[in-house]
Amino acid sequence: MIHFGLAAVLLVVPPIDQAATRDAALSAGYQQAYVGAAAPIALRIRAAYDIPASVTVAQSILESNWGRSKLSTAELNYFGFKCVRPTSPGPIALRCARYQTSECVPAPCHPVDAFFRSYASADDSFRDYGRLLTTSPNYAAALPVREDPDTFIRAVARKYATDPEYANKVIRLMDLYDLRRFDAR
């Protein structure tokens, strides 16, 4: 019988330079390209609906996997908006499309089939986002705190997603990619 001994190795890891990490990630390609494409649309949504652009960009990143999900590439749905009914896409979307998704309410998370909105353009998807957040009673509690992106997304997340970590994920994206720079007026 052969025995292998394990030697203890102590590694000293220097502190992480968050700015350098963010810059490296942005220079990787698709992240920088996505932020560059989404930010101008998010700024238009901020102007029209007074929604923090940082939250808009971060939610679209999370919901669309940087614009690479099938829902965003095939349906131009960057926010994961579902149809109210399979034949009711709402006032901006063109139609409803069936996709499998994961829901976490009731726990545990489980796969379900759902109908999602399909748009003519990314601009329409972002515009529907602004419209929905400012007209739905589900998000009324978020509107008075829209000057604070973190508080805003925490209020929105209560009704927006079934993932209990949703707001934290959006905030991490805002931090990592310095998305609050788009909120400067």
# chains A, B, ... in the order shown; residues from 1 in each chain; ligands from 1
$ closest_atom_pairs --of "segment 61-129 of chain A" --to "segment 150-169 of chain A" --cutoff "8 Å" --atoms "only C-alpha atoms" --output "JSON lines"
{"residue": "A:Leu62", "atom": "CA", "partner": "A:Lys169", "partner_atom": "CA", "distance": 7.7}
{"residue": "A:Glu103", "atom": "CA", "partner": "A:Thr162", "partner_atom": "CA", "distance": 6.2}
{"residue": "A:Cys104", "atom": "CA", "partner": "A:Thr162", "partner_atom": "CA", "distance": 5.3}
{"residue": "A:Val105", "atom": "CA", "partner": "A:Thr162", "partner_atom": "CA", "distance": 5.9}
$ select_by_dssp --residues "segment 24-158 of chain A" --states "helix (DSSP H, G or I)" --output "count of residues only"
74
$ residues_around --residues "Val55 of chain A" --least-positions-apart "3" --cutoff "12 Å" --atoms "only C-alpha atoms" --output "ChimeraX atom specification"
/A:38-39,42-43,45-46,50-52,58-63,79,126,129-130,133,142,146-157,166-175,177-183
$ select_by_dssp --residues "segment 66-134 of chain A" --states "strand (DSSP E or B)" --output "number ranges by chain"
A: 82, 85, 88, 95-103, 110-118
$ residues_around --residues "Asp128 of chain A" --least-positions-apart "2" --cutoff "12 Å" --atoms "only C-alpha atoms" --output "PDB file with all heavy atoms, in the first residue's frame"
ATOM      1  N   ILE A  41     -29.376  53.407 -23.080  1.00  0.00           N
ATOM      2  CA  ILE A  41     -30.809  53.107 -22.991  1.00  0.00           C
ATOM      3  C   ILE A  41     -31.283  53.339 -21.559  1.00  0.00           C
ATOM      4  O   ILE A  41     -32.341  53.927 -21.324  1.00  0.00           O
ATOM      5  CB  ILE A  41     -31.120  51.675 -23.449  1.00  0.00           C
ATOM      6  CG1 ILE A  41     -30.585  51.413 -24.856  1.00  0.00           C
ATOM      7  CG2 ILE A  41     -32.627  51.406 -23.401  1.00  0.00           C
ATOM      8  CD1 ILE A  41     -30.667  49.960 -25.292  1.00  0.00           C
ATOM      9  N   ALA A  42     -30.500  52.895 -20.580  1.00  0.00           N
ATOM     10  CA  ALA A  42     -30.855  53.080 -19.172  1.00  0.00           C
ATOM     11  C   ALA A  42     -30.929  54.566 -18.815  1.00  0.00           C
ATOM     12  O   ALA A  42     -31.771  54.974 -18.009  1.00  0.00           O
ATOM     13  CB  ALA A  42     -29.848  52.359 -18.280  1.00  0.00           C
ATOM     14  N   ILE A  45     -34.195  55.791 -19.967  1.00  0.00           N
ATOM     15  CA  ILE A  45     -35.238  55.319 -19.042  1.00  0.00           C
ATOM     16  C   ILE A  45     -35.223  56.162 -17.778  1.00  0.00           C
ATOM     17  O   ILE A  45     -36.281  56.524 -17.249  1.00  0.00           O
ATOM     18  CB  ILE A  45     -35.055  53.810 -18.738  1.00  0.00           C
ATOM     19  CG1 ILE A  45     -35.212  52.988 -20.016  1.00  0.00           C
ATOM     20  CG2 ILE A  45     -35.999  53.333 -17.647  1.00  0.00           C
ATOM     21  CD1 ILE A  45     -36.481  53.265 -20.806  1.00  0.00           C
ATOM     22  N   ALA A  48     -36.949  59.406 -18.616  1.00  0.00           N
ATOM     23  CA  ALA A  48     -38.391  59.270 -18.839  1.00  0.00           C
ATOM     24  C   ALA A  48     -39.155  58.826 -17.596  1.00  0.00           C
ATOM     25  O   ALA A  48     -40.293  59.257 -17.381  1.00  0.00           O
ATOM     26  CB  ALA A  48     -38.638  58.274 -19.974  1.00  0.00           C
ATOM     27  N   TYR A  49     -38.549  57.949 -16.772  1.00  0.00           N
ATOM     28  CA  TYR A  49     -39.286  57.337 -15.665  1.00  0.00           C
ATOM     29  C   TYR A  49     -38.667  57.594 -14.292  1.00  0.00           C
ATOM     30  O   TYR A  49     -39.204  57.149 -13.284  1.00  0.00           O
ATOM     31  CB  TYR A  49     -39.398  55.822 -15.879  1.00  0.00           C
ATOM     32  CG  TYR A  49     -40.187  55.456 -17.106  1.00  0.00           C
ATOM     33  CD1 TYR A  49     -39.547  55.129 -18.297  1.00  0.00           C
ATOM     34  CD2 TYR A  49     -41.576  55.427 -17.077  1.00  0.00           C
ATOM     35  CE1 TYR A  49     -40.272  54.782 -19.430  1.00  0.00           C
ATOM     36  CE2 TYR A  49     -42.306  55.081 -18.205  1.00  0.00           C
ATOM     37  CZ  TYR A  49     -41.645  54.765 -19.378  1.00  0.00           C
ATOM     38  OH  TYR A  49     -42.358  54.423 -20.494  1.00  0.00           O
ATOM     39  N   THR A  56     -31.131  49.776 -13.450  1.00  0.00           N
ATOM     40  CA  THR A  56     -31.613  49.308 -14.747  1.00  0.00           C
ATOM     41  C   THR A  56     -30.555  48.465 -15.452  1.00  0.00           C
ATOM     42  O   THR A  56     -30.836  47.360 -15.922  1.00  0.00           O
ATOM     43  CB  THR A  56     -32.024  50.504 -15.630  1.00  0.00           C
ATOM     44  OG1 THR A  56     -33.015  51.278 -14.944  1.00  0.00           O
ATOM     45  CG2 THR A  56     -32.569  50.031 -16.970  1.00  0.00           C
ATOM     46  N   LEU A  76     -35.584  39.575 -27.243  1.00  0.00           N
ATOM     47  CA  LEU A  76     -35.195  40.938 -26.859  1.00  0.00           C
ATOM     48  C   LEU A  76     -35.805  41.334 -25.516  1.00  0.00           C
ATOM     49  O   LEU A  76     -36.120  42.495 -25.266  1.00  0.00           O
ATOM     50  CB  LEU A  76     -35.538  41.944 -27.958  1.00  0.00           C
ATOM     51  CG  LEU A  76     -34.877  41.651 -29.309  1.00  0.00           C
ATOM     52  CD1 LEU A  76     -35.331  42.645 -30.361  1.00  0.00           C
ATOM     53  CD2 LEU A  76     -33.358  41.634 -29.200  1.00  0.00           C
ATOM     54  N   ASN A  77     -35.955  40.343 -24.633  1.00  0.00           N
ATOM     55  CA  ASN A  77     -36.490  40.542 -23.290  1.00  0.00           C
ATOM     56  C   ASN A  77     -35.296  40.553 -22.336  1.00  0.00           C
ATOM     57  O   ASN A  77     -34.731  39.503 -22.037  1.00  0.00           O
ATOM     58  CB  ASN A  77     -37.478  39.422 -22.949  1.00  0.00           C
ATOM     59  CG  ASN A  77     -38.140  39.601 -21.612  1.00  0.00           C
ATOM     60  OD1 ASN A  77     -37.595  40.199 -20.692  1.00  0.00           O
ATOM     61  ND2 ASN A  77     -39.341  39.053 -21.493  1.00  0.00           N
ATOM     62  N   TYR A  78     -34.921  41.734 -21.869  1.00  0.00           N
ATOM     63  CA  TYR A  78     -33.725  41.895 -21.036  1.00  0.00           C
ATOM     64  C   TYR A  78     -34.034  41.912 -19.543  1.00  0.00           C
ATOM     65  O   TYR A  78     -33.114  42.041 -18.734  1.00  0.00           O
ATOM     66  CB  TYR A  78     -32.992  43.181 -21.433  1.00  0.00           C
ATOM     67  CG  TYR A  78     -32.357  43.056 -22.791  1.00  0.00           C
ATOM     68  CD1 TYR A  78     -33.083  43.324 -23.941  1.00  0.00           C
ATOM     69  CD2 TYR A  78     -31.046  42.622 -22.929  1.00  0.00           C
ATOM     70  CE1 TYR A  78     -32.512  43.178 -25.197  1.00  0.00           C
ATOM     71  CE2 TYR A  78     -30.471  42.468 -24.169  1.00  0.00           C
ATOM     72  CZ  TYR A  78     -31.211  42.751 -25.302  1.00  0.00           C
ATOM     73  OH  TYR A  78     -30.644  42.595 -26.542  1.00  0.00           O
ATOM     74  N   PHE A  79     -35.313  41.777 -19.172  1.00  0.00           N
ATOM     75  CA  PHE A  79     -35.676  41.866 -17.756  1.00  0.00           C
ATOM     76  C   PHE A  79     -36.480  40.674 -17.270  1.00  0.00           C
ATOM     77  O   PHE A  79     -36.956  40.662 -16.143  1.00  0.00           O
ATOM     78  CB  PHE A  79     -36.437  43.176 -17.493  1.00  0.00           C
ATOM     79  CG  PHE A  79     -35.571  44.375 -17.740  1.00  0.00           C
ATOM     80  CD1 PHE A  79     -35.586  45.013 -18.973  1.00  0.00           C
ATOM     81  CD2 PHE A  79     -34.704  44.832 -16.769  1.00  0.00           C
ATOM     82  CE1 PHE A  79     -34.763  46.098 -19.221  1.00  0.00           C
ATOM     83  CE2 PHE A  79     -33.881  45.912 -17.009  1.00  0.00           C
ATOM     84  CZ  PHE A  79     -33.905  46.550 -18.236  1.00  0.00           C
ATOM     85  N   GLY A  80     -36.644  39.666 -18.093  1.00  0.00           N
ATOM     86  CA  GLY A  80     -37.354  38.470 -17.670  1.00  0.00           C
ATOM     87  C   GLY A  80     -38.831  38.684 -17.433  1.00  0.00           C
ATOM     88  O   GLY A  80     -39.450  37.938 -16.672  1.00  0.00           O
ATOM     89  N   PHE A  81     -39.423  39.686 -18.096  1.00  0.00           N
ATOM     90  CA  PHE A  81     -40.842  39.954 -17.882  1.00  0.00           C
ATOM     91  C   PHE A  81     -41.704  38.851 -18.485  1.00  0.00           C
ATOM     92  O   PHE A  81     -41.556  38.484 -19.647  1.00  0.00           O
ATOM     93  CB  PHE A  81     -41.261  41.286 -18.492  1.00  0.00           C
ATOM     94  CG  PHE A  81     -40.829  42.470 -17.685  1.00  0.00           C
ATOM     95  CD1 PHE A  81     -40.588  43.671 -18.306  1.00  0.00           C
ATOM     96  CD2 PHE A  81     -40.673  42.400 -16.316  1.00  0.00           C
ATOM     97  CE1 PHE A  81     -40.193  44.779 -17.586  1.00  0.00           C
ATOM     98  CE2 PHE A  81     -40.283  43.495 -15.583  1.00  0.00           C
ATOM     99  CZ  PHE A  81     -40.048  44.692 -16.217  1.00  0.00           C
ATOM    100  N   LYS A  82     -42.610  38.380 -17.649  1.00  0.00           N
ATOM    101  CA  LYS A  82     -43.561  37.359 -18.084  1.00  0.00           C
ATOM    102  C   LYS A  82     -44.833  38.025 -18.588  1.00  0.00           C
ATOM    103  O   LYS A  82     -45.134  39.167 -18.238  1.00  0.00           O
ATOM    104  CB  LYS A  82     -43.896  36.429 -16.917  1.00  0.00           C
ATOM    105  CG  LYS A  82     -42.716  35.606 -16.466  1.00  0.00           C
ATOM    106  CD  LYS A  82     -43.067  34.779 -15.260  1.00  0.00           C
ATOM    107  CE  LYS A  82     -41.836  34.037 -14.775  1.00  0.00           C
ATOM    108  NZ  LYS A  82     -42.002  33.573 -13.402  1.00  0.00           N
ATOM    109  N   CYS A  83     -45.564  37.288 -19.368  1.00  0.00           N
ATOM    110  CA  CYS A  83     -46.885  37.730 -19.810  1.00  0.00           C
ATOM    111  C   CYS A  83     -47.879  37.466 -18.680  1.00  0.00           C
ATOM    112  O   CYS A  83     -47.715  36.514 -17.908  1.00  0.00           O
ATOM    113  CB  CYS A  83     -47.309  36.966 -21.058  1.00  0.00           C
ATOM    114  SG  CYS A  83     -46.305  37.345 -22.502  1.00  0.00           S
ATOM    115  N   PRO A  89     -49.434  39.990 -23.954  1.00  0.00           N
ATOM    116  CA  PRO A  89     -48.056  40.457 -23.780  1.00  0.00           C
ATOM    117  C   PRO A  89     -47.926  41.836 -23.157  1.00  0.00           C
ATOM    118  O   PRO A  89     -46.831  42.261 -22.828  1.00  0.00           O
ATOM    119  CB  PRO A  89     -47.519  40.466 -25.208  1.00  0.00           C
ATOM    120  CG  PRO A  89     -48.716  40.714 -26.050  1.00  0.00           C
ATOM    121  CD  PRO A  89     -49.853  40.025 -25.341  1.00  0.00           C
ATOM    122  N   GLY A  90     -49.024  42.553 -22.989  1.00  0.00           N
ATOM    123  CA  GLY A  90     -48.947  43.897 -22.433  1.00  0.00           C
ATOM    124  C   GLY A  90     -48.916  44.945 -23.536  1.00  0.00           C
ATOM    125  O   GLY A  90     -48.958  44.618 -24.728  1.00  0.00           O
ATOM    126  N   PRO A  91     -48.812  46.222 -23.162  1.00  0.00           N
ATOM    127  CA  PRO A  91     -48.948  47.299 -24.141  1.00  0.00           C
ATOM    128  C   PRO A  91     -47.723  47.532 -25.037  1.00  0.00           C
ATOM    129  O   PRO A  91     -47.849  48.195 -26.060  1.00  0.00           O
ATOM    130  CB  PRO A  91     -49.214  48.529 -23.279  1.00  0.00           C
ATOM    131  CG  PRO A  91     -48.556  48.220 -21.976  1.00  0.00           C
ATOM    132  CD  PRO A  91     -48.709  46.736 -21.800  1.00  0.00           C
ATOM    133  N   ILE A  92     -46.563  46.999 -24.696  1.00  0.00           N
ATOM    134  CA  ILE A  92     -45.354  47.276 -25.473  1.00  0.00           C
ATOM    135  C   ILE A  92     -44.843  46.027 -26.191  1.00  0.00           C
ATOM    136  O   ILE A  92     -44.407  46.109 -27.337  1.00  0.00           O
ATOM    137  CB  ILE A  92     -44.257  47.895 -24.583  1.00  0.00           C
ATOM    138  CG1 ILE A  92     -44.754  49.242 -24.028  1.00  0.00           C
ATOM    139  CG2 ILE A  92     -42.960  48.063 -25.357  1.00  0.00           C
ATOM    140  CD1 ILE A  92     -43.818  49.910 -23.044  1.00  0.00           C
ATOM    141  N   ALA A  93     -44.893  44.894 -25.554  1.00  0.00           N
ATOM    142  CA  ALA A  93     -44.389  43.649 -26.159  1.00  0.00           C
ATOM    143  C   ALA A  93     -45.268  43.223 -27.330  1.00  0.00           C
ATOM    144  O   ALA A  93     -46.443  43.595 -27.417  1.00  0.00           O
ATOM    145  CB  ALA A  93     -44.331  42.541 -25.117  1.00  0.00           C
ATOM    146  N   LEU A  94     -44.679  42.439 -28.224  1.00  0.00           N
ATOM    147  CA  LEU A  94     -45.385  41.983 -29.425  1.00  0.00           C
ATOM    148  C   LEU A  94     -46.186  40.712 -29.214  1.00  0.00           C
ATOM    149  O   LEU A  94     -47.251  40.531 -29.782  1.00  0.00           O
ATOM    150  CB  LEU A  94     -44.370  41.726 -30.547  1.00  0.00           C
ATOM    151  CG  LEU A  94     -43.516  42.902 -30.971  1.00  0.00           C
ATOM    152  CD1 LEU A  94     -42.449  42.445 -31.969  1.00  0.00           C
ATOM    153  CD2 LEU A  94     -44.395  43.993 -31.571  1.00  0.00           C
ATOM    154  N   ARG A 117     -42.555  37.858 -22.313  1.00  0.00           N
ATOM    155  CA  ARG A 117     -42.804  38.884 -23.320  1.00  0.00           C
ATOM    156  C   ARG A 117     -41.702  38.883 -24.374  1.00  0.00           C
ATOM    157  O   ARG A 117     -40.532  38.696 -24.063  1.00  0.00           O
ATOM    158  CB  ARG A 117     -42.887  40.260 -22.657  1.00  0.00           C
ATOM    159  CG  ARG A 117     -44.048  40.367 -21.700  1.00  0.00           C
ATOM    160  CD  ARG A 117     -44.078  41.686 -20.977  1.00  0.00           C
ATOM    161  NE  ARG A 117     -45.121  41.650 -19.965  1.00  0.00           N
ATOM    162  CZ  ARG A 117     -45.490  42.685 -19.240  1.00  0.00           C
ATOM    163  NH1 ARG A 117     -44.916  43.871 -19.427  1.00  0.00           N
ATOM    164  NH2 ARG A 117     -46.440  42.557 -18.339  1.00  0.00           N
ATOM    165  N   SER A 118     -42.104  39.130 -25.603  1.00  0.00           N
ATOM    166  CA  SER A 118     -41.187  39.220 -26.729  1.00  0.00           C
ATOM    167  C   SER A 118     -41.318  40.627 -27.310  1.00  0.00           C
ATOM    168  O   SER A 118     -42.426  41.105 -27.554  1.00  0.00           O
ATOM    169  CB  SER A 118     -41.555  38.174 -27.784  1.00  0.00           C
ATOM    170  OG  SER A 118     -40.669  38.251 -28.873  1.00  0.00           O
ATOM    171  N   TYR A 119     -40.173  41.291 -27.535  1.00  0.00           N
ATOM    172  CA  TYR A 119     -40.157  42.696 -27.949  1.00  0.00           C
ATOM    173  C   TYR A 119     -39.582  42.871 -29.346  1.00  0.00           C
ATOM    174  O   TYR A 119     -38.822  42.036 -29.837  1.00  0.00           O
ATOM    175  CB  TYR A 119     -39.324  43.520 -26.964  1.00  0.00           C
ATOM    176  CG  TYR A 119     -39.891  43.532 -25.571  1.00  0.00           C
ATOM    177  CD1 TYR A 119     -39.450  42.626 -24.614  1.00  0.00           C
ATOM    178  CD2 TYR A 119     -40.880  44.435 -25.211  1.00  0.00           C
ATOM    179  CE1 TYR A 119     -39.971  42.624 -23.326  1.00  0.00           C
ATOM    180  CE2 TYR A 119     -41.415  44.437 -23.929  1.00  0.00           C
ATOM    181  CZ  TYR A 119     -40.955  43.539 -22.992  1.00  0.00           C
ATOM    182  OH  TYR A 119     -41.483  43.533 -21.729  1.00  0.00           O
ATOM    183  N   ALA A 120     -39.884  44.012 -29.943  1.00  0.00           N
ATOM    184  CA  ALA A 120     -39.347  44.365 -31.258  1.00  0.00           C
ATOM    185  C   ALA A 120     -37.919  44.894 -31.141  1.00  0.00           C
ATOM    186  O   ALA A 120     -37.153  44.818 -32.098  1.00  0.00           O
ATOM    187  CB  ALA A 120     -40.224  45.411 -31.934  1.00  0.00           C
ATOM    188  N   SER A 121     -37.560  45.425 -29.961  1.00  0.00           N
ATOM    189  CA  SER A 121     -36.227  46.012 -29.793  1.00  0.00           C
ATOM    190  C   SER A 121     -35.834  46.010 -28.325  1.00  0.00           C
ATOM    191  O   SER A 121     -36.686  45.887 -27.436  1.00  0.00           O
ATOM    192  CB  SER A 121     -36.216  47.457 -30.308  1.00  0.00           C
ATOM    193  OG  SER A 121     -37.012  48.281 -29.458  1.00  0.00           O
ATOM    194  N   ALA A 122     -34.537  46.172 -28.081  1.00  0.00           N
ATOM    195  CA  ALA A 122     -34.044  46.318 -26.708  1.00  0.00           C
ATOM    196  C   ALA A 122     -34.658  47.557 -26.078  1.00  0.00           C
ATOM    197  O   ALA A 122     -35.034  47.549 -24.894  1.00  0.00           O
ATOM    198  CB  ALA A 122     -32.522  46.393 -26.691  1.00  0.00           C
ATOM    199  N   ASP A 123     -34.764  48.637 -26.845  1.00  0.00           N
ATOM    200  CA  ASP A 123     -35.364  49.867 -26.319  1.00  0.00           C
ATOM    201  C   ASP A 123     -36.771  49.604 -25.793  1.00  0.00           C
ATOM    202  O   ASP A 123     -37.148  50.117 -24.735  1.00  0.00           O
ATOM    203  CB  ASP A 123     -35.411  50.952 -27.398  1.00  0.00           C
ATOM    204  CG  ASP A 123     -34.067  51.600 -27.618  1.00  0.00           C
ATOM    205  OD1 ASP A 123     -33.119  50.895 -28.022  1.00  0.00           O
ATOM    206  OD2 ASP A 123     -33.957  52.818 -27.379  1.00  0.00           O
ATOM    207  N   ASP A 124     -37.560  48.802 -26.518  1.00  0.00           N
ATOM    208  CA  ASP A 124     -38.915  48.483 -26.060  1.00  0.00           C
ATOM    209  C   ASP A 124     -38.887  47.697 -24.761  1.00  0.00           C
ATOM    210  O   ASP A 124     -39.711  47.927 -23.872  1.00  0.00           O
ATOM    211  CB  ASP A 124     -39.671  47.689 -27.127  1.00  0.00           C
ATOM    212  CG  ASP A 124     -40.146  48.554 -28.275  1.00  0.00           C
ATOM    213  OD1 ASP A 124     -40.014  49.798 -28.214  1.00  0.00           O
ATOM    214  OD2 ASP A 124     -40.649  47.973 -29.265  1.00  0.00           O
ATOM    215  N   SER A 125     -37.942  46.772 -24.622  1.00  0.00           N
ATOM    216  CA  SER A 125     -37.825  46.000 -23.386  1.00  0.00           C
ATOM    217  C   SER A 125     -37.498  46.923 -22.207  1.00  0.00           C
ATOM    218  O   SER A 125     -38.118  46.842 -21.146  1.00  0.00           O
ATOM    219  CB  SER A 125     -36.741  44.922 -23.541  1.00  0.00           C
ATOM    220  OG  SER A 125     -36.582  44.195 -22.350  1.00  0.00           O
ATOM    221  N   PHE A 126     -36.552  47.823 -22.403  1.00  0.00           N
ATOM    222  CA  PHE A 126     -36.166  48.760 -21.344  1.00  0.00           C
ATOM    223  C   PHE A 126     -37.318  49.721 -21.036  1.00  0.00           C
ATOM    224  O   PHE A 126     -37.563  50.065 -19.886  1.00  0.00           O
ATOM    225  CB  PHE A 126     -34.909  49.530 -21.748  1.00  0.00           C
ATOM    226  CG  PHE A 126     -33.615  48.796 -21.520  1.00  0.00           C
ATOM    227  CD1 PHE A 126     -33.282  47.673 -22.266  1.00  0.00           C
ATOM    228  CD2 PHE A 126     -32.710  49.226 -20.566  1.00  0.00           C
ATOM    229  CE1 PHE A 126     -32.088  46.998 -22.070  1.00  0.00           C
ATOM    230  CE2 PHE A 126     -31.506  48.560 -20.351  1.00  0.00           C
ATOM    231  CZ  PHE A 126     -31.191  47.444 -21.104  1.00  0.00           C
ATOM    232  N   GLY A 130     -39.290  50.438 -17.428  1.00  0.00           N
ATOM    233  CA  GLY A 130     -39.584  51.725 -16.793  1.00  0.00           C
ATOM    234  C   GLY A 130     -41.068  51.913 -16.552  1.00  0.00           C
ATOM    235  O   GLY A 130     -41.488  52.362 -15.471  1.00  0.00           O
ATOM    236  N   ARG A 131     -41.872  51.557 -17.549  1.00  0.00           N
ATOM    237  CA  ARG A 131     -43.323  51.675 -17.424  1.00  0.00           C
ATOM    238  C   ARG A 131     -43.849  50.805 -16.288  1.00  0.00           C
ATOM    239  O   ARG A 131     -44.605  51.261 -15.442  1.00  0.00           O
ATOM    240  CB  ARG A 131     -43.994  51.270 -18.747  1.00  0.00           C
ATOM    241  CG  ARG A 131     -45.520  51.409 -18.741  1.00  0.00           C
ATOM    242  CD  ARG A 131     -46.162  50.595 -19.855  1.00  0.00           C
ATOM    243  NE  ARG A 131     -45.919  49.161 -19.736  1.00  0.00           N
ATOM    244  CZ  ARG A 131     -46.564  48.342 -18.909  1.00  0.00           C
ATOM    245  NH1 ARG A 131     -47.502  48.807 -18.102  1.00  0.00           N
ATOM    246  NH2 ARG A 131     -46.288  47.047 -18.877  1.00  0.00           N
ATOM    247  N   LEU A 132     -43.406  49.549 -16.249  1.00  0.00           N
ATOM    248  CA  LEU A 132     -43.907  48.618 -15.238  1.00  0.00           C
ATOM    249  C   LEU A 132     -43.516  49.049 -13.824  1.00  0.00           C
ATOM    250  O   LEU A 132     -44.342  49.049 -12.915  1.00  0.00           O
ATOM    251  CB  LEU A 132     -43.411  47.202 -15.521  1.00  0.00           C
ATOM    252  CG  LEU A 132     -44.012  46.121 -14.625  1.00  0.00           C
ATOM    253  CD1 LEU A 132     -45.491  45.941 -14.924  1.00  0.00           C
ATOM    254  CD2 LEU A 132     -43.286  44.811 -14.816  1.00  0.00           C
ATOM    255  N   LEU A 133     -42.266  49.436 -13.639  1.00  0.00           N
ATOM    256  CA  LEU A 133     -41.826  49.823 -12.303  1.00  0.00           C
ATOM    257  C   LEU A 133     -42.513  51.084 -11.800  1.00  0.00           C
ATOM    258  O   LEU A 133     -42.673  51.251 -10.591  1.00  0.00           O
ATOM    259  CB  LEU A 133     -40.305  49.997 -12.247  1.00  0.00           C
ATOM    260  CG  LEU A 133     -39.541  48.779 -11.729  1.00  0.00           C
ATOM    261  CD1 LEU A 133     -39.802  47.523 -12.509  1.00  0.00           C
ATOM    262  CD2 LEU A 133     -38.083  49.054 -11.611  1.00  0.00           C
ATOM    263  N   THR A 134     -42.935  51.954 -12.695  1.00  0.00           N
ATOM    264  CA  THR A 134     -43.569  53.198 -12.250  1.00  0.00           C
ATOM    265  C   THR A 134     -45.097  53.153 -12.253  1.00  0.00           C
ATOM    266  O   THR A 134     -45.725  54.081 -11.740  1.00  0.00           O
ATOM    267  CB  THR A 134     -43.095  54.384 -13.115  1.00  0.00           C
ATOM    268  OG1 THR A 134     -43.353  54.110 -14.490  1.00  0.00           O
ATOM    269  CG2 THR A 134     -41.617  54.655 -12.892  1.00  0.00           C
ATOM    270  N   THR A 135     -45.687  52.095 -12.795  1.00  0.00           N
ATOM    271  CA  THR A 135     -47.161  52.034 -12.820  1.00  0.00           C
ATOM    272  C   THR A 135     -47.748  50.880 -12.015  1.00  0.00           C
ATOM    273  O   THR A 135     -48.924  50.941 -11.649  1.00  0.00           O
ATOM    274  CB  THR A 135     -47.689  51.937 -14.269  1.00  0.00           C
ATOM    275  OG1 THR A 135     -47.195  50.740 -14.874  1.00  0.00           O
ATOM    276  CG2 THR A 135     -47.283  53.164 -15.086  1.00  0.00           C
ATOM    277  N   SER A 136     -46.970  49.854 -11.746  1.00  0.00           N
ATOM    278  CA  SER A 136     -47.503  48.702 -11.014  1.00  0.00           C
ATOM    279  C   SER A 136     -47.522  48.982  -9.513  1.00  0.00           C
ATOM    280  O   SER A 136     -46.525  49.432  -8.947  1.00  0.00           O
ATOM    281  CB  SER A 136     -46.650  47.454 -11.272  1.00  0.00           C
ATOM    282  OG  SER A 136     -47.058  46.410 -10.413  1.00  0.00           O
TER     283      SER A 136
END
$ atom_distance --atom1 "atom CA of Phe115 of chain A" --atom2 "atom CA of Ala97 of chain A"
5.2 Å
